[in-house]
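Raw contents of protein_10.txt, compact mmCIF, C-alpha atoms and all ligand atoms:
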# COMPACT_ATOMS: atom_id res chain seq x y z
CA MET A 1 -40.06 -3.50 0.59
CA ALA A 2 -37.97 -3.54 3.73
CA LYS A 3 -38.15 0.13 4.66
CA ILE A 4 -35.25 1.46 6.71
CA THR A 5 -36.83 2.94 9.83
CA GLN A 6 -33.90 3.35 12.19
CA VAL A 7 -30.18 4.07 11.85
CA GLU A 8 -28.12 4.05 15.03
CA VAL A 9 -24.46 5.04 15.09
CA PHE A 10 -22.02 4.04 17.81
CA LYS A 11 -18.48 5.03 18.56
CA PHE A 12 -16.28 2.47 20.23
CA ILE A 13 -12.95 3.22 21.79
CA GLN A 14 -10.74 0.18 22.00
CA PRO A 15 -10.22 -1.00 25.57
CA PRO A 16 -6.77 -0.38 27.02
CA ARG A 17 -4.36 -3.14 26.16
CA LYS A 18 -3.65 -5.27 29.19
CA PRO A 19 -0.37 -7.16 29.02
CA GLN A 20 -1.02 -10.85 29.54
CA PRO A 21 1.65 -12.98 31.18
CA GLY A 22 3.35 -15.09 28.56
CA VAL A 23 1.49 -13.50 25.65
CA LYS A 24 3.33 -11.25 23.26
CA PRO A 25 1.48 -8.22 21.95
CA ASP A 26 0.23 -8.42 18.38
CA TRP A 27 2.26 -5.40 17.41
CA ASP A 28 5.73 -4.64 18.59
CA ARG A 29 5.26 -0.94 19.04
CA PRO A 30 3.80 1.48 21.54
CA ASN A 31 0.84 2.49 19.45
CA TYR A 32 -1.67 0.27 17.76
CA GLY A 33 -3.02 0.10 14.26
CA ARG A 34 -3.69 3.17 12.24
CA MET A 35 -2.01 5.60 14.58
CA ALA A 36 1.34 4.38 13.39
CA TYR A 37 0.78 5.74 9.92
CA ILE A 38 0.17 9.22 11.18
CA THR A 39 2.20 9.58 14.31
CA THR A 40 5.51 8.51 12.96
CA LYS A 41 6.86 9.27 16.39
CA SER A 42 5.53 5.85 17.29
CA MET A 43 7.78 4.29 14.65
CA PRO A 44 11.04 6.16 15.07
CA ARG A 45 12.95 3.61 13.07
CA LEU A 46 11.27 4.47 9.83
CA LYS A 47 12.99 6.69 7.33
CA HIS A 48 10.98 9.76 8.12
CA THR A 49 10.81 10.63 11.78
CA TYR A 50 8.74 13.58 12.74
CA ASN A 51 8.16 14.87 16.18
CA VAL A 52 4.39 14.80 15.76
CA LYS A 53 2.19 14.53 18.78
CA THR A 54 -0.64 12.00 18.94
CA ASN A 55 -3.61 13.02 16.83
CA LYS A 56 -5.72 13.51 19.89
CA GLY A 57 -9.32 14.23 19.03
CA VAL A 58 -8.92 13.30 15.39
CA LEU A 59 -8.49 9.56 15.36
CA THR A 60 -8.82 8.82 19.03
CA ASP A 61 -9.40 10.53 22.35
CA LYS A 62 -6.88 8.33 24.06
CA PRO A 63 -3.35 7.94 22.79
CA GLY A 64 -2.70 4.31 22.06
CA ALA A 65 -6.34 3.37 21.64
CA GLY A 66 -7.94 2.29 18.40
CA GLY A 67 -11.65 2.23 17.77
CA ALA A 68 -14.54 1.68 15.42
CA ALA A 69 -17.66 3.40 14.13
CA VAL A 70 -20.56 0.96 14.07
CA VAL A 71 -23.87 1.46 12.31
CA LYS A 72 -26.97 -0.56 13.16
CA ILE A 73 -29.69 -0.32 10.55
CA THR A 74 -33.21 -1.58 11.33
CA THR A 75 -36.08 -2.13 8.93
CA GLU A 76 -39.83 -1.79 9.48
CA ASP A 77 -39.97 -5.57 10.03
CA GLY A 78 -37.58 -5.27 12.97
CA ILE A 79 -34.71 -6.93 11.09
CA TYR A 80 -31.38 -5.26 11.78
CA GLY A 81 -27.87 -5.44 10.42
CA TYR A 82 -24.49 -4.21 11.58
CA GLY A 83 -21.69 -2.60 9.67
CA SER A 84 -18.52 -0.97 10.89
CA THR A 85 -15.43 0.89 9.86
CA GLY A 86 -12.39 2.43 11.54
CA LEU A 87 -11.82 6.12 12.29
CA TYR A 88 -14.61 6.06 14.84
CA ASN A 89 -14.30 9.63 15.92
CA ILE A 90 -14.81 11.13 12.48
CA ALA A 91 -16.63 8.35 10.64
CA ALA A 92 -19.46 8.28 13.22
CA PRO A 93 -20.56 11.92 12.79
CA PHE A 94 -20.27 11.55 9.01
CA ILE A 95 -22.58 8.53 9.00
CA GLU A 96 -24.97 10.22 11.43
CA ASN A 97 -25.14 13.60 9.71
CA VAL A 98 -24.79 12.70 6.03
CA LEU A 99 -25.64 9.06 5.33
CA LYS A 100 -28.40 8.49 7.87
CA PRO A 101 -30.77 11.16 6.46
CA LEU A 102 -30.07 9.83 2.96
CA ILE A 103 -31.01 6.23 3.64
CA LEU A 104 -33.89 6.54 6.12
CA GLY A 105 -37.07 5.44 4.34
CA LEU A 106 -35.28 3.62 1.51
CA ASP A 107 -35.70 -0.11 0.81
CA ALA A 108 -32.86 -1.94 2.59
CA MET A 109 -32.99 -4.66 -0.06
CA GLU A 110 -31.99 -2.21 -2.80
CA ILE A 111 -28.33 -2.27 -1.84
CA GLU A 112 -26.90 -1.45 -5.24
CA LYS A 113 -29.10 1.64 -5.53
CA ILE A 114 -28.36 2.83 -2.00
CA TRP A 115 -24.61 2.57 -2.62
CA ASP A 116 -24.93 4.63 -5.74
CA VAL A 117 -27.06 7.27 -3.99
CA MET A 118 -24.51 7.59 -1.17
CA PHE A 119 -21.59 7.78 -3.58
CA ARG A 120 -23.14 10.32 -5.94
CA VAL A 121 -24.39 12.64 -3.20
CA THR A 122 -20.93 12.73 -1.57
CA SER A 123 -18.86 12.65 -4.76
CA MET A 124 -18.03 16.36 -4.80
CA TYR A 125 -16.00 15.96 -1.61
CA GLY A 126 -15.72 12.18 -1.26
CA ARG A 127 -14.69 9.35 -3.60
CA LYS A 128 -11.83 8.25 -1.33
CA GLY A 129 -10.94 7.98 2.35
CA LEU A 130 -13.32 8.75 5.18
CA VAL A 131 -16.43 9.15 3.01
CA ILE A 132 -15.97 5.73 1.43
CA GLN A 133 -15.29 4.23 4.84
CA GLY A 134 -18.68 5.53 6.05
CA ILE A 135 -20.37 4.18 2.92
CA SER A 136 -18.64 0.84 3.52
CA ALA A 137 -20.14 0.53 7.02
CA VAL A 138 -23.68 1.17 5.72
CA ASP A 139 -23.21 -1.25 2.83
CA ILE A 140 -21.99 -4.04 5.13
CA ALA A 141 -25.01 -3.54 7.41
CA LEU A 142 -27.36 -3.80 4.41
CA TRP A 143 -25.83 -7.13 3.35
CA ASP A 144 -26.36 -8.37 6.92
CA ILE A 145 -30.04 -7.37 6.64
CA MET A 146 -30.39 -8.97 3.21
CA GLY A 147 -29.05 -12.27 4.53
CA LYS A 148 -31.30 -12.24 7.59
CA THR A 149 -34.32 -11.35 5.45
CA MET A 150 -33.64 -14.22 3.06
CA GLY A 151 -32.68 -16.59 5.89
CA LEU A 152 -29.29 -17.20 4.23
CA PRO A 153 -25.68 -16.55 5.16
CA VAL A 154 -24.12 -13.74 3.13
CA TYR A 155 -21.69 -16.13 1.41
CA GLN A 156 -24.74 -17.84 -0.07
CA LEU A 157 -25.95 -14.52 -1.50
CA LEU A 158 -22.48 -14.04 -3.01
CA GLY A 159 -22.69 -17.32 -4.94
CA GLY A 160 -22.08 -19.96 -2.30
CA LYS A 161 -18.93 -21.55 -0.91
CA VAL A 162 -16.15 -22.30 -3.36
CA ARG A 163 -14.08 -23.99 -0.64
CA ASP A 164 -14.87 -25.78 2.63
CA LYS A 165 -12.62 -23.55 4.70
CA ILE A 166 -10.26 -20.62 4.28
CA LYS A 167 -6.52 -20.78 4.80
CA VAL A 168 -5.61 -17.85 7.07
CA TYR A 169 -2.47 -16.06 8.10
CA ALA A 170 -1.78 -14.32 11.38
CA THR A 171 -0.48 -10.78 11.52
CA GLY A 172 1.62 -10.13 14.61
CA ASN A 173 4.42 -11.36 16.79
CA ASP A 174 2.78 -13.96 19.04
CA LEU A 175 4.35 -16.80 17.06
CA GLU A 176 4.14 -19.60 19.63
CA ARG A 177 0.40 -19.07 19.84
CA TYR A 178 0.02 -19.02 16.04
CA ALA A 179 2.00 -22.25 15.82
CA ARG A 180 -0.25 -23.80 18.45
CA LEU A 181 -3.30 -22.87 16.36
CA GLY A 182 -1.78 -24.53 13.32
CA TYR A 183 -0.98 -21.41 11.30
CA LYS A 184 1.53 -21.88 8.52
CA ALA A 185 1.71 -18.22 7.50
CA ASN A 186 2.69 -15.10 9.40
CA LYS A 187 2.81 -11.43 8.51
CA ILE A 188 5.53 -9.65 10.41
CA PRO A 189 4.89 -6.05 11.50
CA ALA A 190 8.17 -4.71 10.08
CA PRO A 191 10.40 -4.04 13.07
CA ALA A 192 12.59 -1.47 11.32
CA GLY A 193 12.83 0.73 8.26
CA PRO A 194 15.38 2.69 6.26
CA GLY A 195 16.06 5.02 9.19
CA SER A 196 17.79 2.10 10.92
CA GLY A 197 20.18 1.41 8.03
CA ARG A 198 22.11 -1.88 8.05
CA GLU A 199 20.91 -2.63 11.56
CA GLY A 200 17.35 -2.32 10.25
CA VAL A 201 18.04 -4.88 7.52
CA LYS A 202 19.38 -7.27 10.16
CA LEU A 203 16.38 -6.77 12.45
CA ASN A 204 14.01 -7.67 9.62
CA VAL A 205 15.98 -10.80 8.76
CA LEU A 206 16.04 -11.84 12.43
CA ALA A 207 12.26 -11.46 12.58
CA ALA A 208 11.84 -13.84 9.64
CA GLU A 209 14.30 -16.32 11.12
CA ARG A 210 12.20 -16.37 14.28
CA VAL A 211 9.09 -17.22 12.22
CA ALA A 212 10.91 -20.08 10.47
CA LYS A 213 12.21 -21.40 13.77
CA ILE A 214 8.85 -21.36 15.59
CA MET A 215 6.35 -21.98 12.79
CA GLY A 216 8.55 -24.13 10.56
CA ASP A 217 10.76 -23.58 7.49
CA ASP A 218 7.77 -24.11 5.23
CA ALA A 219 5.70 -21.34 6.89
CA GLU A 220 4.99 -18.44 4.55
CA ILE A 221 6.43 -15.13 5.68
CA MET A 222 5.09 -11.70 4.80
CA TYR A 223 6.08 -8.19 5.89
CA ASP A 224 3.76 -5.27 6.56
CA CYS A 225 5.79 -2.11 6.03
CA TRP A 226 3.03 0.51 6.62
CA GLN A 227 4.26 2.63 3.73
CA GLY A 228 7.47 3.21 5.67
CA TRP A 229 10.23 1.65 3.52
CA ASP A 230 11.86 2.82 0.33
CA ILE A 231 13.06 1.00 -2.77
CA GLU A 232 16.72 0.68 -1.74
CA PHE A 233 15.95 -0.62 1.75
CA THR A 234 13.33 -3.07 0.46
CA VAL A 235 15.75 -4.54 -2.08
CA LYS A 236 18.49 -4.88 0.56
CA VAL A 237 16.16 -6.68 2.99
CA CYS A 238 14.90 -9.01 0.27
CA LYS A 239 18.42 -9.91 -0.90
CA GLU A 240 19.36 -10.85 2.66
CA LEU A 241 16.17 -12.86 3.13
CA LYS A 242 16.89 -14.82 -0.04
CA ARG A 243 20.53 -15.32 0.97
CA GLU A 244 19.29 -16.88 4.21
CA GLY A 245 16.88 -19.10 2.29
CA LEU A 246 13.80 -17.75 4.07
CA ASN A 247 10.36 -18.51 2.65
CA VAL A 248 9.17 -14.95 2.00
CA ARG A 249 5.92 -14.61 0.10
CA TRP A 250 5.24 -10.87 -0.01
CA ILE A 251 6.34 -7.40 0.98
CA GLU A 252 3.26 -5.30 1.75
CA GLU A 253 2.93 -1.57 1.15
CA PRO A 254 6.63 -0.78 1.26
CA LEU A 255 5.96 2.66 -0.27
CA MET A 256 3.30 5.31 0.16
CA ALA A 257 -0.04 4.05 -1.13
CA ASP A 258 -0.17 6.66 -3.90
CA ASP A 259 3.24 5.69 -5.25
CA ILE A 260 1.81 3.34 -7.86
CA GLN A 261 4.83 3.55 -10.17
CA GLY A 262 7.19 2.96 -7.25
CA HIS A 263 5.38 -0.26 -6.36
CA ARG A 264 5.55 -1.25 -10.01
CA ARG A 265 9.34 -0.68 -10.07
CA LEU A 266 9.75 -2.69 -6.89
CA LYS A 267 7.71 -5.51 -8.36
CA ASP A 268 10.13 -5.67 -11.29
CA LEU A 269 13.04 -5.90 -8.84
CA LEU A 270 11.54 -8.37 -6.36
CA ASN A 271 9.62 -10.75 -8.60
CA PRO A 272 12.81 -12.25 -10.08
CA MET A 273 13.79 -13.11 -6.49
CA GLY A 274 10.47 -14.96 -6.13
CA ILE A 275 9.04 -12.31 -3.79
CA LEU A 276 5.70 -10.61 -4.40
CA VAL A 277 4.87 -6.93 -3.86
CA THR A 278 1.41 -6.19 -2.51
CA THR A 279 -0.65 -3.07 -1.91
CA GLY A 280 -4.25 -1.82 -2.03
CA GLU A 281 -5.11 -1.62 1.68
CA HIS A 282 -5.39 2.15 1.33
CA GLU A 283 -7.13 2.25 -2.00
CA PHE A 284 -10.80 2.95 -2.51
CA THR A 285 -13.56 1.76 -4.84
CA ARG A 286 -13.38 -0.09 -8.16
CA TRP A 287 -11.68 2.89 -9.78
CA GLY A 288 -8.78 2.97 -7.30
CA ALA A 289 -8.34 -0.78 -7.61
CA ARG A 290 -8.44 -0.51 -11.39
CA GLU A 291 -5.55 1.94 -11.34
CA LEU A 292 -3.38 -0.46 -9.36
CA ILE A 293 -4.25 -3.40 -11.58
CA ASP A 294 -3.87 -1.52 -14.86
CA ALA A 295 -0.44 -0.24 -13.76
CA GLN A 296 0.53 -3.82 -12.76
CA ALA A 297 1.61 -2.30 -9.46
CA THR A 298 0.59 -5.19 -7.22
CA ASP A 299 0.91 -8.96 -7.32
CA ILE A 300 -1.90 -9.37 -4.78
CA LEU A 301 -4.60 -6.76 -4.26
CA GLN A 302 -5.40 -6.03 -0.60
CA CYS A 303 -8.41 -3.71 -0.66
CA ASP A 304 -10.14 -3.54 2.72
CA ILE A 305 -13.89 -4.24 2.81
CA TRP A 306 -14.40 -1.70 5.63
CA TYR A 307 -12.51 1.02 3.74
CA SER A 308 -12.89 0.48 0.02
CA GLY A 309 -16.68 0.53 -0.29
CA GLY A 310 -18.10 -2.49 1.55
CA ILE A 311 -19.20 -5.87 0.24
CA SER A 312 -20.89 -4.40 -2.85
CA GLU A 313 -17.67 -2.72 -3.96
CA ILE A 314 -15.29 -5.56 -3.13
CA ARG A 315 -17.36 -7.77 -5.46
CA LYS A 316 -16.70 -5.37 -8.32
CA ILE A 317 -13.03 -5.09 -7.36
CA ILE A 318 -12.71 -8.88 -7.27
CA ALA A 319 -14.42 -9.21 -10.66
CA TYR A 320 -11.93 -6.78 -12.23
CA ALA A 321 -9.01 -8.49 -10.50
CA LYS A 322 -10.24 -11.87 -11.70
CA ALA A 323 -10.30 -10.65 -15.29
CA HIS A 324 -6.62 -9.67 -14.85
CA ASN A 325 -5.54 -12.76 -12.95
CA VAL A 326 -4.75 -10.84 -9.74
CA ILE A 327 -5.50 -12.53 -6.43
CA VAL A 328 -7.38 -10.48 -3.83
CA VAL A 329 -6.51 -10.98 -0.17
CA PRO A 330 -8.58 -8.31 1.59
CA HIS A 331 -6.89 -6.45 4.41
CA CYS A 332 -8.12 -7.05 7.97
CA HIS A 333 -10.08 -9.58 9.97
CA GLY A 334 -13.77 -10.25 10.45
CA MET A 335 -16.99 -11.76 9.17
CA PRO A 336 -17.31 -9.63 6.01
CA VAL A 337 -13.86 -10.87 4.89
CA PHE A 338 -14.65 -14.47 5.72
CA HIS A 339 -17.96 -14.46 3.81
CA VAL A 340 -16.33 -12.85 0.77
CA SER A 341 -13.27 -15.08 0.84
CA ILE A 342 -15.13 -18.37 1.16
CA SER A 343 -17.33 -17.50 -1.81
CA SER A 344 -14.60 -16.15 -4.08
CA LEU A 345 -12.24 -18.22 -6.22
CA GLN A 346 -10.03 -15.16 -6.40
CA SER A 347 -9.51 -14.94 -2.60
CA PRO A 348 -7.99 -18.20 -1.38
CA PHE A 349 -6.22 -16.70 1.63
CA ALA A 350 -7.37 -14.36 4.42
CA GLU A 351 -5.86 -12.23 7.16
CA THR A 352 -6.61 -12.78 10.83
CA LEU A 353 -5.73 -10.51 13.71
CA LEU A 354 -5.71 -12.33 17.00
CA LEU A 355 -6.27 -10.41 20.19
CA ASP A 356 -3.78 -10.02 23.00
CA SER A 357 -5.51 -12.68 25.02
CA GLU A 358 -7.40 -15.71 23.86
CA ASP A 359 -10.31 -14.81 26.13
CA THR A 360 -10.51 -11.13 25.25
CA ALA A 361 -13.89 -10.41 23.69
CA ARG A 362 -14.10 -8.83 20.25
CA LEU A 363 -16.22 -5.94 19.04
CA PHE A 364 -18.33 -8.49 17.19
CA LEU A 365 -19.21 -11.85 18.68
CA GLY A 366 -19.79 -15.05 16.73
CA GLU A 367 -16.59 -15.21 14.71
CA PRO A 368 -15.42 -18.74 13.90
CA PRO A 369 -12.26 -20.03 15.60
CA VAL A 370 -9.01 -20.79 13.79
CA ILE A 371 -8.50 -24.54 13.61
CA ASP A 372 -5.28 -25.97 12.12
CA GLY A 373 -4.60 -22.68 10.35
CA TYR A 374 -8.03 -22.56 8.69
CA ILE A 375 -11.45 -21.15 9.44
CA ASP A 376 -14.88 -22.21 8.35
CA VAL A 377 -17.86 -19.87 8.08
CA PRO A 378 -21.07 -20.88 9.87
CA ASP A 379 -24.39 -20.87 8.02
CA THR A 380 -26.03 -18.34 10.35
CA PRO A 381 -28.25 -15.98 8.30
CA GLY A 382 -26.66 -12.65 7.45
CA LEU A 383 -23.07 -12.03 8.47
CA GLY A 384 -23.57 -14.16 11.57
CA TYR A 385 -22.29 -11.70 14.12
CA GLU A 386 -23.69 -9.67 17.01
CA LEU A 387 -22.38 -6.39 18.34
CA ASN A 388 -20.63 -6.67 21.69
CA TYR A 389 -21.91 -3.57 23.44
CA ASP A 390 -19.50 -4.18 26.31
CA TRP A 391 -16.41 -3.89 24.11
CA GLY A 392 -14.26 -1.02 25.24
CA TYR A 393 -16.02 2.27 25.74
CA MET A 394 -19.21 2.67 23.78
CA GLU A 395 -20.91 5.93 23.01
CA GLU A 396 -24.06 6.35 20.96
CA PHE A 397 -23.59 9.23 18.62
CA HIS A 398 -26.18 11.97 18.88
CA LYS A 399 -26.58 14.68 16.36
CA GLY A 400 -25.70 18.22 17.32
MG MG B 1 -1.01 -3.60 5.83

Structure translated into structure tokens:
Amino acid sequence: MAKITQVEVFKFIQPPRKPQPGVKPDWDRPNYGRMAYITTKSMPRLKHTYNVKTNKGVLTDKPGAGGAAVVKITTEDGIYGYGSTGLYNIAAPFIENVLKPLILGLDAMEIEKIWDVMFRVTSMYGRKGLVIQGISAVDIALWDIMGKTMGLPVYQLLGGKVRDKIKVYATGNDLERYARLGYKANKIPAPAGPGSGREGVKLNVLAAERVAKIMGDDAEIMYDCWQGWDIEFTVKVCKELKREGLNVRWIEEPLMADDIQGHRRLKDLLNPMGILVTTGEHEFTRWGARELIDAQATDILQCDIWYSGGISEIRKIIAYAKAHNVIVVPHCHGMPVFHVSISSLQSPFAETLLLDSEDTARLFLGEPPVIDGYIDVPDTPGLGYELNYDWGYMEEFHKG
């Protein structure tokens, strides 16, 4: 018995982005990360442009700032684990007010049971979105505790390494730096959408040409479209990319996440060109993933460990994907992804998100460096990371 005696919840606001001389920002847009989905004002070139103000107080207190909700769970033996998710401003009170009272006093080693308790208690209003993100953070922290208790890295608990190192791709625009680090794969934050018409098609092709020029003709190219394209625009871009002989591997989330049939139709159109269609970043649990797989809506499944239910749930998702011969490349960057990827035959490729500056500290310390386009995972017990309390602006969440 490793009784859970303490659950601390922290909100972190991402530090302001400081432009570094000679370093291109990861994302070519005024806002960062999730905000772009909601405040389409920040992506005026997409098809749908709304004059929506920043979601102040919902996702972030500071326009342009991202953040994280972090949970630190401690057992009666003094062993602690960390888990995190996005949406700090609303995930933190949910974890504090709903999940914390549920899990205090339970055995931290009974991860499968705790997941089920959290899911069932919240199922009348949960099952997707924010609730599952909160559950994901708790689940990840419990795996960290399990590893530390056993004295083993989490990848060992998941079955051990199936490869020595993981091939990674870089999402962003800082191509010279990626080339320097040996990357041979880049995901382009789509610079334009259907709202930009023919000019938008050209801008996307130019972006891929830049990747080929800097990272090499053999570098794999992917596009992240943030649910902002449509079928016609996607087909036009892909035809141009093929005409130019560019090495495009996948088009990610071109349509709204719920448009399962639309992704399926696009797959039928793009696969004959040798281009894959991917989605799943905004899907939740084994049941959401099953829908995408059963509908044959995605060539590669991209469920996010911090969103879709944590390490416990991604294992189930990967098992189902494996039975259907679908590769899983989890969305996002961090130790949970690296431990899962290095121990899964079904996940031979992982995403990395580099920071604006090579010496900018991360929310979690201890992540392995990218060497020649690959990363290895150290054998530190647990997830092998420590919370960086100095990252951005930290606030401990207090009830009431
Ligand atoms: Mg994406």

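Using all atoms listed in the file, the nearest neighbour of ligand MG 1 (chain B) within the list A:Val340, A:Ala185, A:Met150, A:Leu301 is A:Leu301.
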
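Nearest residue to Val70 (chain A) among A:Lys11, A:His324, A:Arg163, A:His333 is A:Lys11, counting all atoms listed in the file.
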
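The residue set within 9 Å of Ile135 (chain A), counting only C-alpha atoms and dropping same-chain residues fewer than 4 places from it, reads Ile95, Leu99, Trp115, Met118, Phe119, Leu130, Val131, Asp139, Ile140, Trp306, Tyr307, Ser308, Gly309 and Gly310 of chain A.
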
Please list as a VMD selection string every residue within 10 Å of Val337 (chain A), counting only C-alpha atoms and excluding residues in the same chain fewer than 2 positions away. chain A and resid 304 to 306 310 to 311 314 329 to 335 339 to 342 347 350 to 352 383

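Between ligand MG 1 (chain B) and the candidates A:Lys242, A:Lys161, A:Arg127, A:His282, the tightest atom-to-atom separation, counting all atoms listed in the file, involves A:His282.
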
For region 3-8 of chain A, work out the shell of residues within 6 Å, counting only C-alpha atoms and skipping chain neighbours fewer than 2 positions away, then give it as a list of chain:residue names. A:Met1, A:Val71, A:Lys72, A:Ile73, A:Thr74, A:Thr75, A:Glu76, A:Leu104, A:Gly105, A:Leu106, A:Asp107, A:Ala108

Once you count all atoms listed in the file, which residues end up within 8 Å of ligand MG 1 (chain B), and could you hand them over as a short mmCIF file (atom, residue, chain, number, x, y, z; two decimals) with C-alpha atoms, in the coordinates of the input?
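Once everything was written out, this is part23.cif:
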data_model
loop_
_atom_site.label_atom_id
_atom_site.label_comp_id
_atom_site.auth_asym_id
_atom_site.auth_seq_id
_atom_site.Cartn_x
_atom_site.Cartn_y
_atom_site.Cartn_z
CA ASP A 224 3.76 -5.27 6.56
CA CYS A 225 5.79 -2.11 6.03
CA TRP A 226 3.03 0.51 6.62
CA GLU A 252 3.26 -5.30 1.75
CA GLU A 253 2.93 -1.57 1.15
CA THR A 279 -0.65 -3.07 -1.91
CA GLU A 281 -5.11 -1.62 1.68
CA HIS A 331 -6.89 -6.45 4.41
#

How many Å lie between CA of Leu353 (chain A) and CA of Tyr183 (chain A), rounded to one decimal? 12.1 Å

In Å to one decimal, how far is CA of Leu345 (chain A) from CA of Ile327 (chain A)? 8.8 Å

Hey, could you patch up region 270-282 of chain A with N, CA, C and O atoms and hand it over as a short mmCIF file (atom, residue, chain, number, x, y, z; two decimals), keeping the file's coordinate frame?
data_model
loop_
_atom_site.label_atom_id
_atom_site.label_comp_id
_atom_site.auth_asym_id
_atom_site.auth_seq_id
_atom_site.Cartn_x
_atom_site.Cartn_y
_atom_site.Cartn_z
N LEU A 270 11.72 -7.29 -7.34
CA LEU A 270 11.54 -8.37 -6.36
C LEU A 270 11.02 -9.67 -6.97
O LEU A 270 11.34 -10.76 -6.49
N ASN A 271 10.19 -9.54 -8.00
CA ASN A 271 9.62 -10.75 -8.60
C ASN A 271 10.68 -11.75 -9.07
O ASN A 271 10.53 -12.96 -8.85
N PRO A 272 11.78 -11.27 -9.68
CA PRO A 272 12.81 -12.25 -10.08
C PRO A 272 13.43 -12.99 -8.90
O PRO A 272 14.01 -14.06 -9.08
N MET A 273 13.30 -12.41 -7.68
CA MET A 273 13.79 -13.11 -6.49
C MET A 273 12.73 -14.09 -5.97
O MET A 273 12.92 -14.74 -4.94
N GLY A 274 11.56 -14.09 -6.60
CA GLY A 274 10.47 -14.96 -6.13
C GLY A 274 9.66 -14.33 -5.01
O GLY A 274 8.91 -15.01 -4.30
N ILE A 275 9.78 -13.01 -4.85
CA ILE A 275 9.04 -12.31 -3.79
C ILE A 275 7.99 -11.40 -4.43
O ILE A 275 8.27 -10.71 -5.42
N LEU A 276 6.79 -11.42 -3.85
CA LEU A 276 5.70 -10.61 -4.40
C LEU A 276 5.65 -9.24 -3.71
O LEU A 276 6.08 -9.10 -2.56
N VAL A 277 5.12 -8.27 -4.42
CA VAL A 277 4.87 -6.93 -3.86
C VAL A 277 3.36 -6.76 -3.81
O VAL A 277 2.67 -7.06 -4.78
N THR A 278 2.86 -6.32 -2.65
CA THR A 278 1.41 -6.19 -2.51
C THR A 278 1.06 -4.80 -2.00
O THR A 278 1.81 -4.17 -1.27
N THR A 279 -0.12 -4.34 -2.41
CA THR A 279 -0.65 -3.07 -1.91
C THR A 279 -2.16 -3.04 -2.18
O THR A 279 -2.72 -4.01 -2.69
N GLY A 280 -2.80 -1.95 -1.80
CA GLY A 280 -4.25 -1.82 -2.03
C GLY A 280 -5.04 -1.58 -0.76
O GLY A 280 -6.20 -1.19 -0.82
N GLU A 281 -4.39 -1.82 0.40
CA GLU A 281 -5.11 -1.62 1.68
C GLU A 281 -5.66 -0.21 1.79
O GLU A 281 -6.73 0.00 2.35
N HIS A 282 -4.94 0.76 1.24
CA HIS A 282 -5.39 2.15 1.33
C HIS A 282 -5.87 2.68 0.00
O HIS A 282 -5.65 3.84 -0.35
#
